[in-house]
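Scroll down for the structure; my scribbles are underneath it.
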There are 2 protein chains.
Amino acid sequence: MGFQGVYYNSVDAKGRASIPARFREVLRETYGDETLVVTQDRSGIAAYPVSQWEKFLEKFAQLPHDQFREDLHLTTVTPAAHVTFDKQGRIQLPQALREYCQLDTDGVRDVVVVGGDGKIQIWNKTKYLETQAEAERRMADQRQKRFELGL
Amino acid sequence: MGFQGVYYNSVDAKGRASIPARFREVLRETYGDETLVVTQDRSGIAAYPVSQWEKFLEKFAQLPHDQFREDLHLTTVTPAAHVTFDKQGRIQLPQALREYCQLDTDGVRDVVVVGGDGKIQIWNKTKYLETQAEAERRMADQRQKRFELGL
DNA sequence: CTATATTTGCCCACAAGGTGTTAAATGGTG
DNA sequence: CACCATTTAACACCTTGTGGGCAAATATAG
């Protein structure tokens, strides 16, 4: 099983984020990795097992040199950083990424760590709740579709 | 017969909720499951027998990558957690879900556990009563429809 | 190039949260 | 009213997250 679940955590004054023990376990056991690659992702941070990230890089290298590749390079490849865990299971988030998802700024410390298969996402909690609320509002009109899926 | 009935229960200080013995029985005998998958559902928590949840996931995987799928992923797939019963028939509700349905916060402990076919719903009791009252108000205008159904 | 500040990593200790068990309370049923 | 099933309370134990101190590394200023 991949990364699964939503966890409310916080970053400390030094910009360290705790990654749920469960996720660390999956990282080791499913991916055999000890390291994550963190980068930007739709106003949040995405963290990938290194092995997965490397697979992505190979595909990326094959891309034709067009606008898409350039944009992807700028937004995703360039800001990426390899991070390792300290003894307490925390990773150090690069300052650039913290700024990018408006952490840090005036005492914002609450983050939401979300597992989505193959990757871990780290959100500014406020942003997460807003995004979620919007999605929910849109979903309200889709009861029939939900029902058809067995929910 | 599926899950049926309304039960007023409570969550303990650590966020565990008792699931009615009747429901546990149905879970075992009708679905052959020992585990539930809990997730968000319209400001409450929905709990599905794992087997049902897996069927849903298969259908979900087939969906085209559009807005609806993304919203469903964010609100339903992502926050899901597998939970098992302890000796007393309780399940541990993840913190994120408790917060989502405003449990826990300032000593709110009362929940309503409702059976709806194929799933179990867990509501904040206050919210449940409000929702119920609204539904009843809307129903007042539907006497004809009710009559046609033989009520 | 040296001195001073800032960041980063490492370690410890504490607090909060989760798990399991036992015992008491509650509520339905005969 | 008494019995039984079931839920709730209380407790101890373990895991996990969080904050702080300190030293090494890096950056900044003199």
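Ligands are numbered from 1 in the order shown, residues from 1 within each chain, and chains are lettered A, B, ... in the order they appear in the structure tokens.
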Chain B post-superposition (all in-order Cα pairs with chain A) as a compact mmCIF listing (two decimals) with N, CA and C atoms, in the first residue's frame:
```
# COMPACT_ATOMS: atom_id res chain seq x y z
N MET B 1 0.93 -1.20 0.21
CA MET B 1 0.05 -0.02 0.11
C MET B 1 0.87 1.26 0.16
N GLY B 2 0.46 2.26 -0.59
CA GLY B 2 1.21 3.51 -0.62
C GLY B 2 0.94 4.42 0.56
N PHE B 3 1.35 5.64 0.43
CA PHE B 3 1.12 6.63 1.49
C PHE B 3 -0.38 6.89 1.60
N GLN B 4 -0.88 6.80 2.80
CA GLN B 4 -2.32 6.93 2.98
C GLN B 4 -2.65 7.68 4.25
N GLY B 5 -3.52 8.66 4.16
CA GLY B 5 -3.97 9.35 5.36
C GLY B 5 -3.63 10.83 5.38
N VAL B 6 -4.24 11.53 6.32
CA VAL B 6 -4.04 12.96 6.49
C VAL B 6 -3.54 13.23 7.90
N TYR B 7 -2.47 13.97 8.01
CA TYR B 7 -1.91 14.24 9.34
C TYR B 7 -1.74 15.74 9.55
N TYR B 8 -2.13 16.24 10.69
CA TYR B 8 -1.90 17.64 11.02
C TYR B 8 -0.63 17.73 11.83
N ASN B 9 0.37 18.32 11.26
CA ASN B 9 1.65 18.48 11.94
C ASN B 9 2.08 19.93 11.95
N SER B 10 3.32 20.17 12.29
CA SER B 10 3.81 21.54 12.27
C SER B 10 5.29 21.58 11.89
N VAL B 11 5.73 22.73 11.43
CA VAL B 11 7.15 22.91 11.18
C VAL B 11 7.74 23.70 12.34
N ASP B 12 8.98 23.41 12.70
CA ASP B 12 9.58 24.15 13.81
C ASP B 12 10.16 25.47 13.32
N ALA B 13 10.73 26.22 14.24
CA ALA B 13 11.21 27.57 13.92
C ALA B 13 12.27 27.57 12.83
N LYS B 14 12.96 26.47 12.65
CA LYS B 14 14.01 26.42 11.65
C LYS B 14 13.54 25.83 10.32
N GLY B 15 12.26 25.54 10.25
CA GLY B 15 11.72 25.06 8.98
C GLY B 15 11.78 23.55 8.79
N ARG B 16 11.81 22.82 9.88
CA ARG B 16 11.80 21.36 9.75
C ARG B 16 10.39 20.81 9.92
N ALA B 17 10.03 19.85 9.12
CA ALA B 17 8.70 19.26 9.19
C ALA B 17 8.79 17.78 9.56
N SER B 18 7.95 17.38 10.50
CA SER B 18 7.87 15.97 10.85
C SER B 18 7.08 15.23 9.79
N ILE B 19 7.62 14.13 9.34
CA ILE B 19 6.90 13.29 8.40
C ILE B 19 6.34 12.12 9.20
N PRO B 20 5.05 11.84 9.08
CA PRO B 20 4.42 10.79 9.87
C PRO B 20 5.23 9.49 9.85
N ALA B 21 5.35 8.85 10.99
CA ALA B 21 6.12 7.61 11.11
C ALA B 21 5.65 6.58 10.09
N ARG B 22 4.32 6.57 9.91
CA ARG B 22 3.73 5.65 8.95
C ARG B 22 4.32 5.83 7.55
N PHE B 23 4.48 7.06 7.13
CA PHE B 23 5.01 7.35 5.80
C PHE B 23 6.48 6.95 5.69
N ARG B 24 7.21 7.18 6.76
CA ARG B 24 8.62 6.81 6.74
C ARG B 24 8.76 5.30 6.55
N GLU B 25 7.87 4.61 7.23
CA GLU B 25 7.86 3.15 7.14
C GLU B 25 7.59 2.71 5.70
N VAL B 26 6.56 3.28 5.11
CA VAL B 26 6.22 2.95 3.73
C VAL B 26 7.39 3.27 2.81
N LEU B 27 8.01 4.40 3.07
CA LEU B 27 9.13 4.82 2.24
C LEU B 27 10.22 3.76 2.25
N ARG B 28 10.53 3.27 3.41
CA ARG B 28 11.57 2.25 3.54
C ARG B 28 11.12 0.93 2.94
N GLU B 29 9.93 0.48 3.35
CA GLU B 29 9.53 -0.87 3.02
C GLU B 29 9.01 -1.04 1.60
N THR B 30 8.30 -0.03 1.12
CA THR B 30 7.75 -0.17 -0.23
C THR B 30 8.74 0.31 -1.29
N TYR B 31 9.48 1.36 -0.94
CA TYR B 31 10.36 1.94 -1.96
C TYR B 31 11.84 1.67 -1.71
N GLY B 32 12.15 1.22 -0.49
CA GLY B 32 13.55 0.97 -0.17
C GLY B 32 14.38 2.24 -0.16
N ASP B 33 13.72 3.37 0.10
CA ASP B 33 14.43 4.66 0.10
C ASP B 33 14.58 5.23 1.51
N GLU B 34 15.60 6.04 1.67
CA GLU B 34 15.81 6.74 2.94
C GLU B 34 15.69 8.24 2.72
N THR B 35 15.49 8.60 1.47
CA THR B 35 15.53 10.00 1.08
C THR B 35 14.28 10.39 0.31
N LEU B 36 13.90 11.64 0.48
CA LEU B 36 12.79 12.17 -0.30
C LEU B 36 13.30 13.29 -1.20
N VAL B 37 12.61 13.52 -2.29
CA VAL B 37 12.87 14.70 -3.09
C VAL B 37 11.65 15.59 -2.95
N VAL B 38 11.87 16.80 -2.47
CA VAL B 38 10.76 17.72 -2.29
C VAL B 38 10.80 18.79 -3.37
N THR B 39 9.62 19.18 -3.82
CA THR B 39 9.55 20.25 -4.81
C THR B 39 8.18 20.91 -4.75
N GLN B 40 8.01 21.93 -5.56
CA GLN B 40 6.75 22.65 -5.58
C GLN B 40 5.68 21.82 -6.27
N ASP B 41 4.46 22.03 -5.85
CA ASP B 41 3.35 21.37 -6.51
C ASP B 41 2.06 22.11 -6.19
N ARG B 42 1.54 22.79 -7.18
CA ARG B 42 0.30 23.54 -7.01
C ARG B 42 0.14 24.18 -5.63
N SER B 43 0.90 25.20 -5.39
CA SER B 43 0.94 25.98 -4.13
C SER B 43 1.19 25.18 -2.88
N GLY B 44 1.70 23.97 -3.04
CA GLY B 44 2.11 23.20 -1.88
C GLY B 44 3.45 22.54 -2.17
N ILE B 45 3.81 21.62 -1.31
CA ILE B 45 5.05 20.89 -1.52
C ILE B 45 4.71 19.43 -1.78
N ALA B 46 5.36 18.85 -2.76
CA ALA B 46 5.21 17.42 -3.00
C ALA B 46 6.53 16.75 -2.67
N ALA B 47 6.47 15.58 -2.03
CA ALA B 47 7.67 14.84 -1.70
C ALA B 47 7.58 13.45 -2.32
N TYR B 48 8.60 13.08 -3.09
CA TYR B 48 8.62 11.79 -3.77
C TYR B 48 9.77 10.93 -3.26
N PRO B 49 9.57 9.64 -3.20
CA PRO B 49 10.70 8.76 -2.92
C PRO B 49 11.74 8.99 -4.02
N VAL B 50 13.02 9.07 -3.66
CA VAL B 50 14.05 9.34 -4.67
C VAL B 50 13.93 8.45 -5.88
N SER B 51 13.68 7.17 -5.65
CA SER B 51 13.63 6.24 -6.77
C SER B 51 12.56 6.67 -7.78
N GLN B 52 11.42 7.13 -7.26
CA GLN B 52 10.35 7.58 -8.14
C GLN B 52 10.75 8.84 -8.89
N TRP B 53 11.38 9.73 -8.13
CA TRP B 53 11.82 10.99 -8.74
C TRP B 53 12.77 10.73 -9.90
N GLU B 54 13.65 9.76 -9.72
CA GLU B 54 14.60 9.48 -10.77
C GLU B 54 13.93 8.92 -12.03
N LYS B 55 12.90 8.14 -11.80
CA LYS B 55 12.14 7.65 -12.95
C LYS B 55 11.51 8.82 -13.69
N PHE B 56 10.98 9.74 -12.91
CA PHE B 56 10.39 10.92 -13.54
C PHE B 56 11.44 11.67 -14.37
N LEU B 57 12.63 11.84 -13.79
CA LEU B 57 13.67 12.59 -14.49
C LEU B 57 14.03 11.95 -15.83
N GLU B 58 14.02 10.63 -15.84
CA GLU B 58 14.32 9.95 -17.10
C GLU B 58 13.27 10.29 -18.15
N LYS B 59 12.01 10.24 -17.73
CA LYS B 59 10.94 10.58 -18.68
C LYS B 59 11.06 12.04 -19.09
N PHE B 60 11.39 12.85 -18.12
CA PHE B 60 11.50 14.28 -18.41
C PHE B 60 12.56 14.54 -19.49
N ALA B 61 13.66 13.82 -19.36
CA ALA B 61 14.76 14.01 -20.30
C ALA B 61 14.35 13.70 -21.74
N GLN B 62 13.34 12.85 -21.89
CA GLN B 62 12.89 12.45 -23.23
C GLN B 62 11.96 13.47 -23.87
N LEU B 63 11.44 14.38 -23.07
CA LEU B 63 10.45 15.32 -23.60
C LEU B 63 11.04 16.24 -24.67
N PRO B 64 10.23 16.58 -25.66
CA PRO B 64 10.68 17.55 -26.66
C PRO B 64 10.82 18.94 -26.01
N HIS B 65 11.70 19.75 -26.54
CA HIS B 65 11.94 21.07 -25.94
C HIS B 65 10.86 22.07 -26.34
N ASP B 66 9.73 21.96 -25.70
CA ASP B 66 8.65 22.89 -25.99
C ASP B 66 8.26 23.67 -24.73
N GLN B 67 7.16 24.38 -24.83
CA GLN B 67 6.71 25.22 -23.72
C GLN B 67 6.43 24.38 -22.47
N PHE B 68 5.76 23.27 -22.68
CA PHE B 68 5.40 22.43 -21.54
C PHE B 68 6.63 21.99 -20.76
N ARG B 69 7.62 21.53 -21.50
CA ARG B 69 8.84 21.08 -20.84
C ARG B 69 9.50 22.22 -20.08
N GLU B 70 9.54 23.36 -20.69
CA GLU B 70 10.19 24.50 -20.06
C GLU B 70 9.47 24.89 -18.77
N ASP B 71 8.14 24.89 -18.85
CA ASP B 71 7.35 25.24 -17.67
C ASP B 71 7.56 24.22 -16.57
N LEU B 72 7.59 22.97 -16.94
CA LEU B 72 7.78 21.91 -15.97
C LEU B 72 9.16 22.03 -15.33
N HIS B 73 10.12 22.36 -16.14
CA HIS B 73 11.48 22.53 -15.63
C HIS B 73 11.53 23.64 -14.59
N LEU B 74 10.94 24.75 -14.95
CA LEU B 74 10.97 25.92 -14.06
C LEU B 74 10.23 25.68 -12.76
N THR B 75 9.07 25.04 -12.86
CA THR B 75 8.22 24.93 -11.67
C THR B 75 8.51 23.68 -10.84
N THR B 76 9.08 22.67 -11.45
CA THR B 76 9.18 21.40 -10.75
C THR B 76 10.60 20.85 -10.63
N VAL B 77 11.32 20.83 -11.74
CA VAL B 77 12.65 20.22 -11.72
C VAL B 77 13.64 21.09 -10.95
N THR B 78 13.64 22.35 -11.31
CA THR B 78 14.58 23.29 -10.75
C THR B 78 14.50 23.47 -9.24
N PRO B 79 13.32 23.61 -8.66
CA PRO B 79 13.28 23.86 -7.22
C PRO B 79 13.46 22.60 -6.38
N ALA B 80 13.62 21.46 -7.00
CA ALA B 80 13.68 20.21 -6.25
C ALA B 80 14.92 20.12 -5.37
N ALA B 81 14.76 19.49 -4.23
CA ALA B 81 15.90 19.29 -3.31
C ALA B 81 15.80 17.92 -2.67
N HIS B 82 16.94 17.27 -2.51
CA HIS B 82 17.00 15.99 -1.81
C HIS B 82 17.06 16.26 -0.32
N VAL B 83 16.21 15.59 0.43
CA VAL B 83 16.24 15.80 1.89
C VAL B 83 16.26 14.45 2.61
N THR B 84 16.95 14.43 3.74
CA THR B 84 17.03 13.20 4.52
C THR B 84 16.42 13.43 5.89
N PHE B 85 16.17 12.36 6.60
CA PHE B 85 15.52 12.44 7.89
C PHE B 85 16.53 12.56 9.02
N ASP B 86 16.19 13.35 10.03
CA ASP B 86 17.03 13.37 11.22
C ASP B 86 16.51 12.30 12.17
N LYS B 87 17.13 12.22 13.33
CA LYS B 87 16.77 11.17 14.28
C LYS B 87 15.30 11.19 14.69
N GLN B 88 14.69 12.36 14.61
CA GLN B 88 13.28 12.46 15.00
C GLN B 88 12.33 12.28 13.82
N GLY B 89 12.86 11.97 12.68
CA GLY B 89 11.99 11.77 11.53
C GLY B 89 11.54 13.06 10.86
N ARG B 90 12.35 14.10 11.02
CA ARG B 90 11.99 15.37 10.38
C ARG B 90 12.84 15.61 9.14
N ILE B 91 12.31 16.39 8.21
CA ILE B 91 13.09 16.82 7.06
C ILE B 91 13.17 18.34 7.07
N GLN B 92 14.27 18.84 6.56
CA GLN B 92 14.46 20.29 6.46
C GLN B 92 13.87 20.77 5.15
N LEU B 93 12.89 21.64 5.22
CA LEU B 93 12.31 22.18 3.99
C LEU B 93 13.11 23.40 3.55
N PRO B 94 13.57 23.41 2.31
CA PRO B 94 14.32 24.57 1.81
C PRO B 94 13.50 25.85 1.93
N GLN B 95 14.20 26.93 2.21
CA GLN B 95 13.55 28.22 2.41
C GLN B 95 12.64 28.59 1.24
N ALA B 96 13.13 28.36 0.02
CA ALA B 96 12.35 28.74 -1.15
C ALA B 96 11.00 28.01 -1.16
N LEU B 97 11.00 26.76 -0.77
CA LEU B 97 9.75 26.01 -0.76
C LEU B 97 8.82 26.49 0.35
N ARG B 98 9.42 26.81 1.48
CA ARG B 98 8.57 27.30 2.57
C ARG B 98 7.89 28.57 2.15
N GLU B 99 8.66 29.46 1.52
CA GLU B 99 8.08 30.71 1.09
C GLU B 99 6.99 30.45 0.04
N TYR B 100 7.29 29.53 -0.85
CA TYR B 100 6.36 29.22 -1.92
C TYR B 100 4.99 28.83 -1.38
N CYS B 101 4.96 28.05 -0.33
CA CYS B 101 3.63 27.67 0.16
C CYS B 101 3.26 28.46 1.40
N GLN B 102 3.85 29.63 1.47
CA GLN B 102 3.49 30.58 2.53
C GLN B 102 3.52 29.98 3.92
N LEU B 103 4.56 29.23 4.16
CA LEU B 103 4.74 28.76 5.53
C LEU B 103 5.53 29.84 6.23
N ASP B 104 6.11 29.59 7.35
CA ASP B 104 7.11 30.49 7.89
C ASP B 104 6.66 31.93 8.08
N THR B 105 6.07 32.49 6.98
CA THR B 105 5.70 33.90 7.04
C THR B 105 4.78 34.19 8.21
N ASP B 106 5.11 35.22 8.95
CA ASP B 106 4.44 35.59 10.19
C ASP B 106 3.89 34.43 11.00
N GLY B 107 4.84 33.59 11.43
CA GLY B 107 4.50 32.58 12.42
C GLY B 107 3.57 31.45 12.00
N VAL B 108 3.34 31.30 10.68
CA VAL B 108 2.53 30.18 10.24
C VAL B 108 3.35 28.90 10.34
N ARG B 109 2.88 27.96 11.11
CA ARG B 109 3.63 26.76 11.37
C ARG B 109 2.84 25.49 11.09
N ASP B 110 1.54 25.63 10.94
CA ASP B 110 0.69 24.45 10.81
C ASP B 110 0.66 23.92 9.39
N VAL B 111 0.97 22.66 9.26
CA VAL B 111 0.92 22.03 7.95
C VAL B 111 0.04 20.79 7.99
N VAL B 112 -0.38 20.38 6.81
CA VAL B 112 -1.12 19.15 6.68
C VAL B 112 -0.30 18.24 5.78
N VAL B 113 -0.04 17.04 6.26
CA VAL B 113 0.73 16.10 5.46
C VAL B 113 -0.23 15.04 4.94
N VAL B 114 -0.32 14.95 3.62
CA VAL B 114 -1.30 14.08 3.00
C VAL B 114 -0.62 13.03 2.14
N GLY B 115 -1.06 11.80 2.28
CA GLY B 115 -0.55 10.76 1.40
C GLY B 115 -1.41 10.64 0.16
N GLY B 116 -0.78 10.61 -0.99
CA GLY B 116 -1.50 10.39 -2.26
C GLY B 116 -0.62 9.42 -2.98
N ASP B 117 -1.17 8.49 -3.72
CA ASP B 117 -0.29 7.40 -4.13
C ASP B 117 0.95 7.84 -4.85
N GLY B 118 2.05 7.26 -4.40
CA GLY B 118 3.32 7.59 -4.99
C GLY B 118 3.96 8.85 -4.47
N LYS B 119 3.17 9.68 -3.78
CA LYS B 119 3.78 10.90 -3.26
C LYS B 119 3.16 11.37 -1.95
N ILE B 120 3.88 12.26 -1.30
CA ILE B 120 3.41 12.86 -0.07
C ILE B 120 3.25 14.34 -0.35
N GLN B 121 2.15 14.92 0.10
CA GLN B 121 1.99 16.35 -0.10
C GLN B 121 1.99 17.08 1.23
N ILE B 122 2.62 18.24 1.23
CA ILE B 122 2.66 19.05 2.43
C ILE B 122 2.02 20.40 2.13
N TRP B 123 0.98 20.70 2.85
CA TRP B 123 0.24 21.93 2.59
C TRP B 123 0.31 22.87 3.79
N ASN B 124 0.18 24.12 3.47
CA ASN B 124 -0.15 25.12 4.47
C ASN B 124 -1.55 24.74 4.93
N LYS B 125 -1.74 24.63 6.22
CA LYS B 125 -3.02 24.11 6.72
C LYS B 125 -4.22 24.95 6.28
N THR B 126 -4.07 26.26 6.39
CA THR B 126 -5.16 27.15 5.98
C THR B 126 -5.53 26.90 4.52
N LYS B 127 -4.49 26.88 3.68
CA LYS B 127 -4.72 26.64 2.25
C LYS B 127 -5.39 25.30 2.01
N TYR B 128 -4.96 24.33 2.76
CA TYR B 128 -5.51 22.99 2.60
C TYR B 128 -7.01 23.00 2.87
N LEU B 129 -7.38 23.64 3.94
CA LEU B 129 -8.79 23.67 4.31
C LEU B 129 -9.62 24.40 3.27
N GLU B 130 -9.06 25.50 2.77
CA GLU B 130 -9.77 26.24 1.72
C GLU B 130 -9.97 25.37 0.48
N THR B 131 -8.88 24.80 0.03
CA THR B 131 -8.92 23.97 -1.17
C THR B 131 -9.94 22.86 -1.02
N GLN B 132 -9.92 22.28 0.16
CA GLN B 132 -10.83 21.19 0.47
C GLN B 132 -12.29 21.65 0.38
N ALA B 133 -12.52 22.84 0.93
CA ALA B 133 -13.87 23.38 0.93
C ALA B 133 -14.36 23.63 -0.49
N GLU B 134 -13.47 24.16 -1.32
CA GLU B 134 -13.83 24.41 -2.71
C GLU B 134 -14.21 23.10 -3.41
N ALA B 135 -13.37 22.11 -3.20
CA ALA B 135 -13.61 20.81 -3.83
C ALA B 135 -14.97 20.27 -3.42
N GLU B 136 -15.28 20.47 -2.16
CA GLU B 136 -16.54 19.95 -1.65
C GLU B 136 -17.72 20.66 -2.30
N ARG B 137 -17.57 21.95 -2.50
CA ARG B 137 -18.61 22.72 -3.15
C ARG B 137 -18.85 22.20 -4.57
N ARG B 138 -17.76 21.95 -5.27
CA ARG B 138 -17.90 21.44 -6.63
C ARG B 138 -18.55 20.05 -6.63
N MET B 139 -18.20 19.28 -5.64
CA MET B 139 -18.74 17.93 -5.54
C MET B 139 -20.24 17.91 -5.37
N ALA B 140 -20.75 18.95 -4.78
CA ALA B 140 -22.17 18.99 -4.50
C ALA B 140 -23.00 18.82 -5.77
N ASP B 141 -22.44 19.24 -6.90
CA ASP B 141 -23.16 19.14 -8.17
C ASP B 141 -22.98 17.78 -8.84
N GLN B 142 -22.33 16.87 -8.19
CA GLN B 142 -21.95 15.64 -8.88
C GLN B 142 -22.55 14.39 -8.23
N ARG B 143 -23.74 14.57 -7.68
CA ARG B 143 -24.33 13.44 -6.97
C ARG B 143 -24.48 12.19 -7.82
N GLN B 144 -24.87 12.41 -9.08
CA GLN B 144 -25.07 11.27 -9.98
C GLN B 144 -23.77 10.48 -10.16
N LYS B 145 -22.71 11.21 -10.45
CA LYS B 145 -21.41 10.57 -10.66
C LYS B 145 -20.99 9.79 -9.43
N ARG B 146 -21.20 10.40 -8.28
CA ARG B 146 -20.84 9.72 -7.04
C ARG B 146 -21.61 8.41 -6.91
N PHE B 147 -22.89 8.50 -7.20
CA PHE B 147 -23.75 7.32 -7.07
C PHE B 147 -23.25 6.19 -7.96
N GLU B 148 -22.89 6.59 -9.19
CA GLU B 148 -22.43 5.58 -10.15
C GLU B 148 -21.16 4.88 -9.67
N LEU B 149 -20.44 5.57 -8.84
CA LEU B 149 -19.20 4.97 -8.32
C LEU B 149 -19.46 4.13 -7.08
N GLY B 150 -20.72 4.14 -6.67
CA GLY B 150 -21.08 3.32 -5.52
C GLY B 150 -20.90 4.02 -4.19
N LEU B 151 -20.90 5.36 -4.20
CA LEU B 151 -20.72 6.10 -2.93
C LEU B 151 -22.05 6.57 -2.35
```
Compile the contact shell of DC22 of chain D as a CSV table (one decimal) with C-alpha atoms (C1' of nucleotides), in the first residue's frame: residues with an atom at most 12 Å away, counting only C-alpha atoms (C1' of nucleotides), same-chain residues fewer than 4 positions apart removed.
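Saved file part33.csv follows:
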```
chain,number,residue,atom,x,y,z
C,9,DG,C1',22.2,19.0,11.8
C,10,DC,C1',22.2,16.2,15.9
C,11,DC,C1',20.7,14.9,20.3
C,12,DC,C1',17.9,14.9,24.5
```
Exercise answer, chain D residues close to chain A, 8 Å and only C-alpha atoms (C1' of nucleotides), as number ranges by chain: D: 16-19
Filtered DSSP result for chain B, state alpha helix (DSSP H), as a ChimeraX atom specification: /B:21-31,50-62,67-72,95-100,125-139,143-148
For the selection just defined, write its residues with C-alpha atoms to a file, as a CSV table (one decimal), in the first residue's frame.
```
chain,number,residue,atom,x,y,z
B,21,ALA,CA,-22.7,-4.3,18.0
B,22,ARG,CA,-25.4,-4.7,15.5
B,23,PHE,CA,-23.3,-3.1,12.8
B,24,ARG,CA,-20.3,-5.1,13.6
B,25,GLU,CA,-22.3,-8.2,13.2
B,26,VAL,CA,-23.6,-7.1,9.8
B,27,LEU,CA,-20.1,-6.2,8.8
B,28,ARG,CA,-18.9,-9.7,9.6
B,29,GLU,CA,-21.9,-11.7,8.4
B,30,THR,CA,-23.0,-9.7,5.3
B,31,TYR,CA,-19.6,-8.5,4.1
B,50,VAL,CA,-13.2,-2.6,3.1
B,51,SER,CA,-14.6,-4.9,0.4
B,52,GLN,CA,-17.0,-2.2,-0.7
B,53,TRP,CA,-14.3,0.5,-0.6
B,54,GLU,CA,-12.1,-1.5,-2.8
B,55,LYS,CA,-14.9,-1.9,-5.4
B,56,PHE,CA,-15.2,1.9,-5.3
B,57,LEU,CA,-11.5,2.3,-5.8
B,58,GLU,CA,-11.6,0.2,-8.9
B,59,LYS,CA,-14.4,2.3,-10.4
B,60,PHE,CA,-12.5,5.4,-9.3
B,61,ALA,CA,-9.4,4.3,-11.2
B,62,GLN,CA,-11.5,4.2,-14.4
B,67,GLN,CA,-12.5,18.2,-12.2
B,68,PHE,CA,-14.9,15.7,-10.7
B,69,ARG,CA,-12.3,13.1,-10.3
B,70,GLU,CA,-9.9,15.5,-8.8
B,71,ASP,CA,-12.5,16.8,-6.3
B,72,LEU,CA,-13.4,13.3,-5.4
B,95,GLN,CA,-7.5,13.3,14.0
B,96,ALA,CA,-8.1,14.9,10.6
B,97,LEU,CA,-11.5,13.3,10.4
B,98,ARG,CA,-12.5,14.3,13.9
B,99,GLU,CA,-11.5,17.9,13.2
B,100,TYR,CA,-13.4,17.7,9.9
B,125,LYS,CA,-24.7,15.0,17.1
B,126,THR,CA,-25.6,18.7,17.0
B,127,LYS,CA,-25.0,18.8,13.3
B,128,TYR,CA,-27.1,15.7,12.8
B,129,LEU,CA,-30.0,17.2,14.6
B,130,GLU,CA,-29.8,20.4,12.6
B,131,THR,CA,-29.5,18.6,9.3
B,132,GLN,CA,-32.5,16.5,10.3
B,133,ALA,CA,-34.5,19.5,11.2
B,134,GLU,CA,-33.8,21.1,7.8
B,135,ALA,CA,-34.8,18.0,6.0
B,136,GLU,CA,-38.0,17.9,7.9
B,137,ARG,CA,-38.8,21.5,7.0
B,138,ARG,CA,-38.3,20.7,3.3
B,139,MET,CA,-40.4,17.6,3.6
B,143,ARG,CA,-47.1,15.9,1.2
B,144,GLN,CA,-48.3,14.8,-2.2
B,145,LYS,CA,-45.1,12.9,-3.0
B,146,ARG,CA,-45.2,11.3,0.4
B,147,PHE,CA,-48.8,10.2,-0.2
B,148,GLU,CA,-47.9,8.7,-3.6
```
Expected answer as JSON, numbers by chain: chain C residues within 12 Å of chain B, only C-alpha atoms (C1' of nucleotides): {"C": [16, 17, 18, 19, 20, 21, 22, 26]}
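Between atom C1' of DA2 of chain D and atom C1' of DG27 of chain C the separation is 12.9 Å.
The interatomic distance for the pair atom C1' of DA23 of chain D and atom C1' of DT4 of chain C works out to 15.9 Å.
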Expected answer as number ranges by chain: strand (DSSP E or B) residues in chain B: B: 5-11, 16-18, 35-41, 44-49, 81-84, 90-92, 110-116, 119-124
